[in-house]
>>> print(open('work14.cif').read())   # mmCIF, C-alpha atoms
data_protein
#
loop_
_atom_site.label_atom_id
_atom_site.label_comp_id
_atom_site.auth_asym_id
_atom_site.auth_seq_id
_atom_site.Cartn_x
_atom_site.Cartn_y
_atom_site.Cartn_z
CA MET A 1359 11.86 -19.93 -18.08
CA VAL A 1360 15.54 -20.06 -17.13
CA ASP A 1361 18.18 -17.78 -18.67
CA GLN A 1362 21.91 -18.15 -18.15
CA ILE A 1363 23.69 -14.80 -18.06
CA SER A 1364 27.34 -13.88 -17.65
CA CYS A 1365 27.77 -10.54 -15.94
CA ASN A 1366 30.63 -8.94 -14.05
CA GLY A 1367 32.51 -12.26 -13.93
CA LYS A 1368 29.51 -14.06 -12.45
CA ASN A 1369 27.33 -16.88 -13.73
CA ILE A 1370 23.70 -15.88 -13.18
CA LEU A 1371 20.74 -18.19 -13.63
CA LEU A 1372 17.65 -16.01 -13.99
CA ILE A 1373 14.39 -17.88 -13.37
CA GLY A 1374 11.30 -16.04 -14.58
CA THR A 1375 8.47 -17.51 -12.56
CA ALA A 1376 4.70 -17.42 -12.50
CA HIS A 1377 3.57 -16.22 -9.08
CA VAL A 1378 0.54 -18.53 -9.14
CA SER A 1379 2.08 -21.64 -10.71
CA LYS A 1380 2.89 -24.89 -8.92
CA GLN A 1381 5.21 -25.79 -11.82
CA SER A 1382 7.24 -22.62 -11.28
CA ALA A 1383 7.56 -23.36 -7.58
CA LYS A 1384 8.92 -26.84 -8.32
CA LEU A 1385 11.28 -25.54 -11.03
CA VAL A 1386 12.78 -23.07 -8.56
CA GLU A 1387 13.39 -25.67 -5.90
CA ASP A 1388 14.85 -28.22 -8.33
CA THR A 1389 17.15 -25.67 -9.99
CA ILE A 1390 18.63 -24.40 -6.72
CA LEU A 1391 19.21 -27.89 -5.32
CA GLU A 1392 20.82 -29.07 -8.58
CA GLN A 1393 22.95 -25.98 -9.26
CA THR A 1394 24.00 -25.31 -5.62
CA PRO A 1395 24.65 -21.58 -6.15
CA ASP A 1396 26.61 -19.38 -3.77
CA THR A 1397 23.70 -16.93 -3.55
CA VAL A 1398 19.97 -16.99 -4.17
CA CYS A 1399 18.29 -13.66 -4.97
CA VAL A 1400 14.54 -13.48 -4.54
CA GLU A 1401 11.98 -10.92 -5.68
CA LEU A 1402 11.19 -9.94 -2.11
CA CYS A 1403 12.04 -6.86 -0.10
CA GLN A 1404 13.53 -7.17 3.38
CA THR A 1405 10.13 -6.58 4.98
CA ARG A 1406 8.37 -9.28 2.96
CA LEU A 1407 11.22 -11.72 3.52
CA ALA A 1408 10.99 -11.16 7.26
CA SER A 1409 7.21 -11.64 7.17
CA LEU A 1410 7.60 -15.00 5.43
CA LYS A 1411 9.99 -16.17 8.11
CA ASP A 1412 8.04 -14.71 11.03
CA ALA A 1413 4.61 -16.30 11.37
CA ASP A 1414 3.87 -14.04 14.35
CA ARG A 1415 4.62 -10.76 12.54
CA TRP A 1416 1.10 -9.41 13.08
CA ARG A 1417 1.50 -9.72 16.84
CA ASN A 1418 4.42 -7.32 16.72
CA MET A 1419 2.59 -4.56 14.85
CA ASP A 1420 2.11 -1.33 16.80
CA ILE A 1421 -1.11 0.14 15.41
CA VAL A 1422 -0.73 3.34 17.44
CA LYS A 1423 2.71 3.88 15.90
CA VAL A 1424 1.25 3.29 12.43
CA ILE A 1425 -1.28 6.09 13.00
CA LYS A 1426 1.24 8.50 14.51
CA GLU A 1427 3.62 7.95 11.57
CA LYS A 1428 0.75 8.64 9.14
CA LYS A 1429 1.01 5.18 7.57
CA ALA A 1430 -2.58 4.02 8.09
CA LEU A 1431 -3.51 4.36 4.41
CA LEU A 1432 -0.32 2.62 3.31
CA LEU A 1433 -0.98 -0.30 5.66
CA PHE A 1434 -4.58 -0.46 4.45
CA MET A 1435 -3.39 -0.71 0.83
CA ASN A 1436 -0.97 -3.49 1.77
CA LEU A 1437 -3.76 -5.40 3.48
CA LEU A 1438 -5.98 -5.07 0.42
CA LEU A 1439 -3.20 -6.55 -1.72
CA ALA A 1440 -2.74 -9.38 0.77
CA SER A 1441 -6.49 -9.95 0.70
CA PHE A 1442 -6.49 -10.27 -3.08
CA GLN A 1443 -3.68 -12.82 -2.97
CA LYS A 1444 -5.23 -14.91 -0.22
CA LYS A 1445 -8.60 -15.08 -1.93
CA ILE A 1446 -6.89 -16.45 -5.04
CA ALA A 1447 -5.09 -19.01 -2.90
CA ASP A 1448 -8.30 -20.10 -1.18
CA LYS A 1449 -10.20 -20.39 -4.46
CA PHE A 1450 -7.64 -22.23 -6.59
CA GLY A 1451 -5.41 -23.92 -4.05
CA ILE A 1452 -2.49 -21.91 -5.41
CA LYS A 1453 -0.40 -19.91 -3.00
CA PRO A 1454 0.96 -16.76 -4.67
CA GLY A 1455 4.64 -16.49 -3.90
CA GLN A 1456 5.14 -20.20 -3.22
CA GLU A 1457 8.14 -20.13 -5.57
CA MET A 1458 9.80 -17.58 -3.29
CA ILE A 1459 9.15 -19.76 -0.25
CA ASN A 1460 10.62 -22.74 -2.09
CA ALA A 1461 13.65 -20.66 -3.10
CA ILE A 1462 14.32 -19.66 0.52
CA LYS A 1463 13.96 -23.22 1.82
CA ALA A 1464 16.19 -24.63 -0.92
CA ALA A 1465 18.83 -21.93 -0.30
CA GLU A 1466 18.83 -22.75 3.39
CA LYS A 1467 19.34 -26.45 2.63
CA ILE A 1468 22.53 -25.75 0.68
CA ASN A 1469 23.68 -22.91 2.99
CA ALA A 1470 23.53 -20.34 0.18
CA HIS A 1471 23.29 -16.61 0.83
CA ILE A 1472 19.72 -15.29 0.56
CA ILE A 1473 19.40 -11.79 -0.87
CA PRO A 1474 16.06 -9.94 -0.82
CA ALA A 1475 16.56 -8.16 -4.13
CA ASP A 1476 13.36 -6.17 -4.47
CA ARG A 1477 12.71 -2.61 -3.35
CA GLU A 1478 10.67 -2.13 -0.18
CA ILE A 1479 6.96 -2.31 -1.03
CA GLN A 1480 6.32 0.84 1.05
CA ILE A 1481 8.79 2.80 -1.07
CA THR A 1482 7.29 1.51 -4.31
CA LEU A 1483 3.75 2.38 -3.26
CA SER A 1484 4.88 5.76 -1.92
CA ARG A 1485 6.60 6.61 -5.21
CA VAL A 1486 3.43 5.66 -7.08
CA TRP A 1487 1.30 7.68 -4.65
CA ARG A 1488 3.46 10.80 -4.80
CA GLY A 1489 3.49 10.67 -8.59
CA MET A 1490 -0.30 10.81 -8.88
CA GLY A 1491 -2.83 13.60 -8.65
CA LEU A 1492 -5.93 13.55 -6.44
CA TRP A 1493 -8.17 11.97 -9.09
CA GLU A 1494 -5.58 9.31 -9.88
CA LYS A 1495 -5.23 8.52 -6.17
CA LEU A 1496 -8.98 8.05 -5.86
CA LYS A 1497 -8.97 5.72 -8.86
CA LEU A 1498 -6.08 3.77 -7.34
CA MET A 1499 -7.96 3.30 -4.06
CA PHE A 1500 -11.13 2.24 -5.85
CA SER A 1501 -9.14 -0.26 -7.95
CA LEU A 1502 -7.75 -1.81 -4.78
CA VAL A 1503 -11.11 -1.83 -2.99
CA PHE A 1504 -12.86 -3.39 -5.97
CA SER A 1505 -10.32 -6.24 -5.85
CA PHE A 1506 -12.63 -7.71 -3.20
CA GLY A 1507 -15.33 -8.35 -5.75
CA ALA A 1508 -12.99 -8.93 -8.67
CA SER A 1509 -11.21 -11.84 -7.00
CA ASP A 1510 -14.55 -13.62 -6.59
CA ASP A 1511 -15.01 -13.59 -10.38
CA ILE A 1512 -11.50 -14.75 -11.34
CA ASN A 1513 -11.43 -17.74 -13.66
CA GLU A 1514 -8.71 -20.01 -15.02
CA GLU A 1515 -8.04 -17.61 -17.92
CA ASP A 1516 -7.32 -14.81 -15.45
CA ILE A 1517 -4.97 -17.11 -13.55
CA GLU A 1518 -3.02 -17.74 -16.77
CA LYS A 1519 -2.74 -13.97 -17.28
CA MET A 1520 -1.44 -13.53 -13.75
CA LYS A 1521 1.31 -16.00 -14.52
CA GLN A 1522 2.75 -13.41 -16.88
CA GLU A 1523 2.17 -10.34 -14.72
CA ASP A 1524 3.11 -8.86 -11.42
CA ILE A 1525 0.25 -9.18 -8.89
CA LEU A 1526 0.22 -5.40 -8.55
CA GLN A 1527 0.02 -5.09 -12.33
CA THR A 1528 -3.06 -7.28 -12.39
CA LEU A 1529 -4.80 -5.29 -9.68
CA LEU A 1530 -4.02 -1.94 -11.27
CA ALA A 1531 -4.54 -2.94 -14.90
CA ASP A 1532 -7.24 -0.34 -15.59
CA VAL A 1533 -5.42 2.50 -13.80
CA LYS A 1534 -2.00 1.94 -15.36
CA LYS A 1535 -3.38 2.30 -18.90
CA THR A 1536 -3.82 6.03 -18.42
CA HIS A 1537 -1.16 6.73 -15.79
CA PRO A 1538 2.44 5.96 -16.83
CA ILE A 1539 3.70 6.42 -13.24
CA ILE A 1540 2.16 3.03 -12.39
CA GLU A 1541 4.18 1.20 -15.03
CA LYS A 1542 7.30 3.24 -14.28
CA SER A 1543 7.35 2.63 -10.53
CA LEU A 1544 5.92 -0.88 -10.41
CA ILE A 1545 7.89 -2.41 -13.26
CA ASN A 1546 10.63 -0.31 -14.86
CA GLU A 1547 12.20 1.01 -11.65
CA ARG A 1548 11.98 -2.37 -9.97
CA ASP A 1549 13.60 -4.01 -13.02
CA GLN A 1550 16.57 -1.70 -12.48
CA TYR A 1551 16.61 -2.27 -8.73
CA LEU A 1552 16.45 -6.06 -9.08
CA ALA A 1553 19.12 -6.10 -11.76
CA GLU A 1554 21.56 -4.11 -9.62
CA LYS A 1555 20.96 -6.23 -6.52
CA ILE A 1556 21.53 -9.39 -8.56
CA ARG A 1557 24.63 -7.97 -10.28
CA SER A 1558 26.19 -6.96 -6.97
CA ALA A 1559 25.23 -10.10 -5.05
CA PRO A 1560 28.13 -12.03 -3.44
CA GLY A 1561 29.49 -15.21 -5.00
CA GLU A 1562 30.37 -16.39 -8.49
CA LYS A 1563 27.26 -18.48 -9.07
CA ILE A 1564 23.88 -16.86 -8.50
CA VAL A 1565 20.30 -18.02 -8.95
CA ALA A 1566 17.79 -15.18 -9.19
CA VAL A 1567 14.09 -15.92 -8.77
CA VAL A 1568 11.85 -13.17 -10.17
CA GLY A 1569 8.41 -12.82 -11.68
CA ALA A 1570 8.22 -13.44 -15.41
CA ALA A 1571 7.09 -9.83 -15.96
CA HIS A 1572 10.45 -8.58 -14.66
CA ALA A 1573 12.74 -11.02 -16.49
CA PRO A 1574 13.06 -9.11 -19.83
CA GLY A 1575 13.90 -5.83 -18.13
CA ILE A 1576 16.40 -7.43 -15.76
CA LYS A 1577 18.16 -9.15 -18.67
CA LYS A 1578 18.40 -5.82 -20.49
CA TYR A 1579 20.00 -4.02 -17.53
CA LEU A 1580 22.35 -6.92 -16.75
CA ALA A 1581 23.48 -6.97 -20.39
CA ASN A 1582 24.47 -3.29 -20.10
CA ASN A 1583 26.54 -4.14 -17.01
CA GLU A 1584 26.32 -0.54 -15.83
CA LYS A 1585 26.01 0.29 -12.14
CA ILE A 1586 22.53 1.51 -11.22
CA ASP A 1587 22.08 4.03 -8.41
CA ILE A 1588 19.85 2.17 -5.96
CA ASP A 1589 19.85 5.08 -3.52
CA GLU A 1590 18.16 7.25 -6.12
CA LEU A 1591 15.48 4.60 -6.68
CA ASN A 1592 14.84 4.53 -2.93
CA ILE A 1593 14.12 8.25 -2.69
CA ILE A 1594 10.49 9.08 -1.94
CA PRO A 1595 9.68 12.25 -3.92
CA PRO A 1596 8.50 15.19 -1.81
CA ALA A 1597 4.86 16.14 -1.94
CA GLY A 1598 4.01 18.30 -4.92
CA LYS A 1599 4.12 22.07 -4.57
CA THR A 1600 0.43 22.35 -5.35
CA GLY A 1601 -0.42 20.02 -2.47
CA LYS A 1602 1.83 21.92 -0.08
CA ILE A 1603 0.32 25.24 -1.09
CA LEU A 1604 -3.26 23.99 -0.78
CA LYS A 1605 -2.45 22.42 2.58
CA TRP A 1606 -1.94 25.89 4.03
CA ALA A 1607 -3.96 27.97 1.58
CA ILE A 1608 -7.32 26.29 2.23
CA PRO A 1609 -7.30 26.82 6.03
CA ALA A 1610 -6.06 30.39 5.47
CA ALA A 1611 -8.88 31.03 3.00
CA ILE A 1612 -11.42 29.67 5.48
CA MET A 1613 -10.13 32.03 8.17
CA VAL A 1614 -10.34 34.95 5.73
CA LEU A 1615 -13.89 33.88 4.94
CA PHE A 1616 -14.78 33.97 8.63
CA ALA A 1617 -13.26 37.44 9.00
CA THR A 1618 -15.06 38.67 5.87
CA GLY A 1619 -18.37 37.45 7.24
CA PHE A 1620 -17.92 39.37 10.48
CA LEU A 1621 -16.71 42.53 8.74
CA MET A 1622 -19.15 42.67 5.82
CA GLU A 1623 -22.29 41.05 7.17
CA GLY A 1624 -22.01 41.57 10.91
CA GLU A 1625 -21.68 39.41 13.98
CA ASN A 1626 -24.73 37.28 13.24
CA ALA A 1627 -23.53 36.26 9.79
CA GLY A 1628 -20.01 35.60 11.10
CA ALA A 1629 -21.38 33.45 13.90
CA ASP A 1630 -23.61 31.59 11.44
CA MET A 1631 -20.54 30.84 9.30
CA ILE A 1632 -18.73 29.37 12.28
CA TRP A 1633 -21.70 27.18 13.18
CA ILE A 1634 -22.02 25.98 9.57
CA TRP A 1635 -18.35 25.08 9.60
CA ILE A 1636 -18.61 23.23 12.91
CA ALA A 1637 -21.79 21.40 11.93
CA ALA A 1638 -20.70 20.33 8.44
CA ASN A 1639 -17.25 19.11 9.48
CA GLY A 1640 -18.44 17.49 12.68
CA ILE A 1641 -21.49 15.77 11.20
CA PHE A 1642 -19.73 14.32 8.14
CA ALA A 1643 -16.68 13.23 10.15
CA GLY A 1644 -19.05 11.60 12.64
CA ILE A 1645 -20.86 9.85 9.80
CA GLY A 1646 -17.52 8.59 8.50
CA ALA A 1647 -16.59 7.18 11.91
CA THR A 1648 -20.06 5.64 12.21
CA ILE A 1649 -19.72 3.93 8.82
CA ALA A 1650 -16.50 2.38 10.16
CA LEU A 1651 -18.54 1.11 13.15
CA ALA A 1652 -16.36 3.08 15.53
CA HIS A 1653 -16.75 3.15 19.32
CA PRO A 1654 -19.20 5.85 20.54
CA LEU A 1655 -16.30 7.77 22.13
CA THR A 1656 -14.51 7.66 18.79
CA ILE A 1657 -17.52 9.07 16.96
CA ILE A 1658 -17.74 11.90 19.51
CA SER A 1659 -14.01 12.61 19.13
CA ALA A 1660 -14.41 12.77 15.33
CA ILE A 1661 -17.27 15.25 15.64
CA ILE A 1662 -15.29 17.45 18.03
CA ALA A 1663 -11.93 17.20 16.28
CA ALA A 1664 -12.94 17.67 12.64
CA PRO A 1665 -13.85 21.39 12.75
CA LEU A 1666 -10.51 22.13 14.43
CA THR A 1667 -8.22 19.78 12.51
CA SER A 1668 -9.62 20.97 9.18
CA LEU A 1669 -8.06 24.34 9.98
CA ASN A 1670 -4.74 22.79 11.05
CA PRO A 1671 -2.59 21.47 8.18
CA MET A 1672 -0.43 19.45 10.58
CA ILE A 1673 -3.10 17.09 11.89
CA ALA A 1674 -6.11 15.23 10.51
CA ALA A 1675 -9.38 14.28 12.17
CA GLY A 1676 -8.82 10.63 11.24
CA TRP A 1677 -5.59 10.47 13.20
CA VAL A 1678 -7.37 11.73 16.32
CA SER A 1679 -10.32 9.36 15.96
CA GLY A 1680 -7.98 6.47 15.05
CA LEU A 1681 -6.02 6.93 18.26
CA VAL A 1682 -9.22 7.19 20.31
CA GLU A 1683 -10.49 3.98 18.69
CA ALA A 1684 -7.19 2.23 19.40
CA PHE A 1685 -7.43 3.08 23.09
CA SER A 1686 -11.21 2.55 23.36
CA ARG A 1687 -11.06 -0.90 21.77
CA LYS A 1688 -7.47 -1.90 22.30
CA PRO A 1689 -6.70 -4.74 19.87
CA LYS A 1690 -5.92 -8.07 21.49
CA VAL A 1691 -3.45 -10.70 20.36
CA LYS A 1692 -6.30 -12.67 18.79
CA ASP A 1693 -7.14 -9.65 16.60
CA PHE A 1694 -3.62 -9.52 15.20
CA GLU A 1695 -3.57 -13.29 14.70
CA ALA A 1696 -6.91 -13.15 12.87
CA ILE A 1697 -5.81 -10.51 10.35
CA PRO A 1698 -4.81 -13.01 7.60
CA GLU A 1699 -8.27 -14.59 7.75
CA ASP A 1700 -10.34 -11.46 8.36
CA ILE A 1701 -8.94 -9.49 5.41
CA VAL A 1702 -10.46 -11.88 2.87
CA SER A 1703 -13.92 -10.37 3.38
CA ILE A 1704 -15.40 -6.91 3.76
CA LYS A 1705 -17.17 -8.07 6.91
CA GLY A 1706 -13.85 -9.22 8.32
CA PHE A 1707 -12.30 -5.79 7.83
CA TRP A 1708 -15.07 -4.27 9.94
CA ARG A 1709 -15.04 -7.08 12.51
CA ASN A 1710 -11.34 -7.06 13.31
CA ASN A 1711 -10.33 -4.43 15.88
CA VAL A 1712 -7.05 -3.71 14.04
CA THR A 1713 -8.41 -3.21 10.54
CA ARG A 1714 -11.41 -1.32 11.91
CA ILE A 1715 -9.01 1.28 13.30
CA LEU A 1716 -7.65 1.79 9.79
CA LEU A 1717 -11.19 2.17 8.48
CA VAL A 1718 -11.92 4.73 11.20
CA VAL A 1719 -8.90 6.80 10.14
CA ILE A 1720 -9.80 6.67 6.44
CA PHE A 1721 -13.55 7.26 6.71
CA THR A 1722 -13.22 10.02 9.30
CA ASN A 1723 -10.75 11.88 7.09
CA LEU A 1724 -13.01 11.37 4.08
CA GLY A 1725 -16.02 12.64 6.04
CA SER A 1726 -14.09 15.69 7.24
CA ALA A 1727 -13.05 16.50 3.66
CA ILE A 1728 -16.68 16.22 2.48
CA GLY A 1729 -17.70 18.46 5.36
CA THR A 1730 -15.21 21.11 4.32
CA TRP A 1731 -16.40 21.20 0.72
CA THR A 1732 -20.01 21.22 1.89
CA ALA A 1733 -19.51 24.08 4.35
CA VAL A 1734 -17.68 26.50 2.04
CA PRO A 1735 -20.54 27.07 -0.49
CA LEU A 1736 -23.03 27.47 2.35
CA MET A 1737 -20.76 30.04 4.04
CA LEU A 1738 -20.31 31.96 0.77
CA LYS A 1739 -24.09 32.22 0.40
CA LEU A 1740 -24.20 34.27 3.60
CA LEU A 1741 -22.03 36.91 1.93
CA ASN A 1742 -24.68 37.48 -0.72
#
>>> encode(input="work14.cif", output="structure tokens")
Amino acid sequence: MVDQISCNGKNILLIGTAHVSKQSAKLVEDTILEQTPDTVCVELCQTRLASLKDADRWRNMDIVKVIKEKKALLLFMNLLLASFQKKIADKFGIKPGQEMINAIKAAEKINAHIIPADREIQITLSRVWRGMGLWEKLKLMFSLVFSFGASDDINEEDIEKMKQEDILQTLLADVKKTHPIIEKSLINERDQYLAEKIRSAPGEKIVAVVGAAHAPGIKKYLANNEKIDIDELNIIPPAGKTGKILKWAIPAAIMVLFATGFLMEGENAGADMIWIWIAANGIFAGIGATIALAHPLTIISAIIAAPLTSLNPMIAAGWVSGLVEAFSRKPKVKDFEAIPEDIVSIKGFWRNNVTRILLVVIFTNLGSAIGTWTAVPLMLKLLN
């Protein structure tokens, strides 16, 4: 699907592609080589463009920095998406995104400018994440995790559907039905972002390569020829007030509960509350680290850290255990190189020293949260 659009004195050829179609990949290459545009815009963000050009990108990843910057969950989500795409490629011999690779190579042949026109994937996922409640976040994570099994059952009919959708849309099909933020951030906002990047691209003749799902929206915004505020679309909304309040209120309430136990029921009851808190948080955090097959030192650190970090809104038990795991089993170059292959299976996620660190962070935090909600009712019983 190729549309010719005149906008802002420029001739724009908009190619709506199928991300899993060999025909689309060939159409893109042929169109660019025949039309010799000044600029080629691709539906890639700067990060994804760099990763396509840099085969050694995994070697350069600093896993410790990822944990310290609190981006472990975000990286984990990205890896799950990459896993879904690679499993499709391995099963059907179709490489998702091949049309983008062809567009880049063709642009380089004719010395055209290459513009990564999409919003950074981290910003898009962060805007989705911040716009969801706790239950919606859990459903989102389960949808991504279940992509492991879902991709094994994909048939040719599903492939045809994916030709008309964004890969993220396909993965989150069940979630987006009940949560408009998914559709808004994944499609509508990116339509605006892509349209503005294409409209403002240098040169008089432009070829824009985008997924077919984005083509109608981009055409609509280009037809309006109104400047879109990209900076606003790049803003990551602050955490909700409820989350901020709970972040401090829950530890404060726990401390009040301890004090109440000592004052109303005596030293024995107060001490029992403290031991319940330590045991529940430590045991469940340790179980979480164990499920992730963490190093013994990591499991011990999770058990020790969880009762303390659960009372400190600024730090999480998973960050502590993740750092201990990173230093106890320092990932080697071969671990980073093996990521593309290891992420296609659940076993691979646990086997690889890099992805295991992410699992340690996630499961330790989950265990600590379960420990907190287990301890509170038991502590309240002592007041009766």
>>> resolve_selection(input="work14.cif", expression="the PyMOL selection byres ((chain A and resi 1458-1462) around 7)", output="PyMOL selection string")
chain A and resi 1383+1386-1387+1400+1455-1457+1463-1466+1472
>>> residues_around(input="work14.cif", residues="A:Ser1484", least_positions_apart="6", cutoff="9 Å", atoms="only C-alpha atoms", output="VMD selection string")
chain A and resid 1432 1594 to 1595
>>> closest_residue(input="work14.cif", among="A:Val1422, A:Ile1673, A:Val1702, A:Ile1661", to="A:Pro1689", atoms="all atoms listed in the file")
A:Val1422
>>> axis_aligned_box(input="work14.cif", around="stretch 1481-1487 of chain A", padding_each_side="4 Å", output="AutoDock Vina command-line options")
--center_x 5.0 --center_y 4.6 --center_z -4.1 --size_x 15.5 --size_y 14.2 --size_z 14.0
>>> closest_residue(input="work14.cif", among="A:Met1435, A:Ala1627, A:Ala1727, A:Ala1684", to="A:Leu1669", atoms="only C-alpha atoms")
A:Ala1727
>>> resolve_selection(input="work14.cif", expression="the PyMOL selection byres ((chain A and resi 1402-1410) around 12)", output="PyMOL selection string")
chain A and resi 1398-1401+1411-1419+1436+1440+1455-1463+1472-1482+1548+1551-1552+1555+1566-1569
>>> atom_distance(input="work14.cif", atom1="atom CA of A:Ala1573", atom2="atom CA of A:Gly1374")
5.6 Å
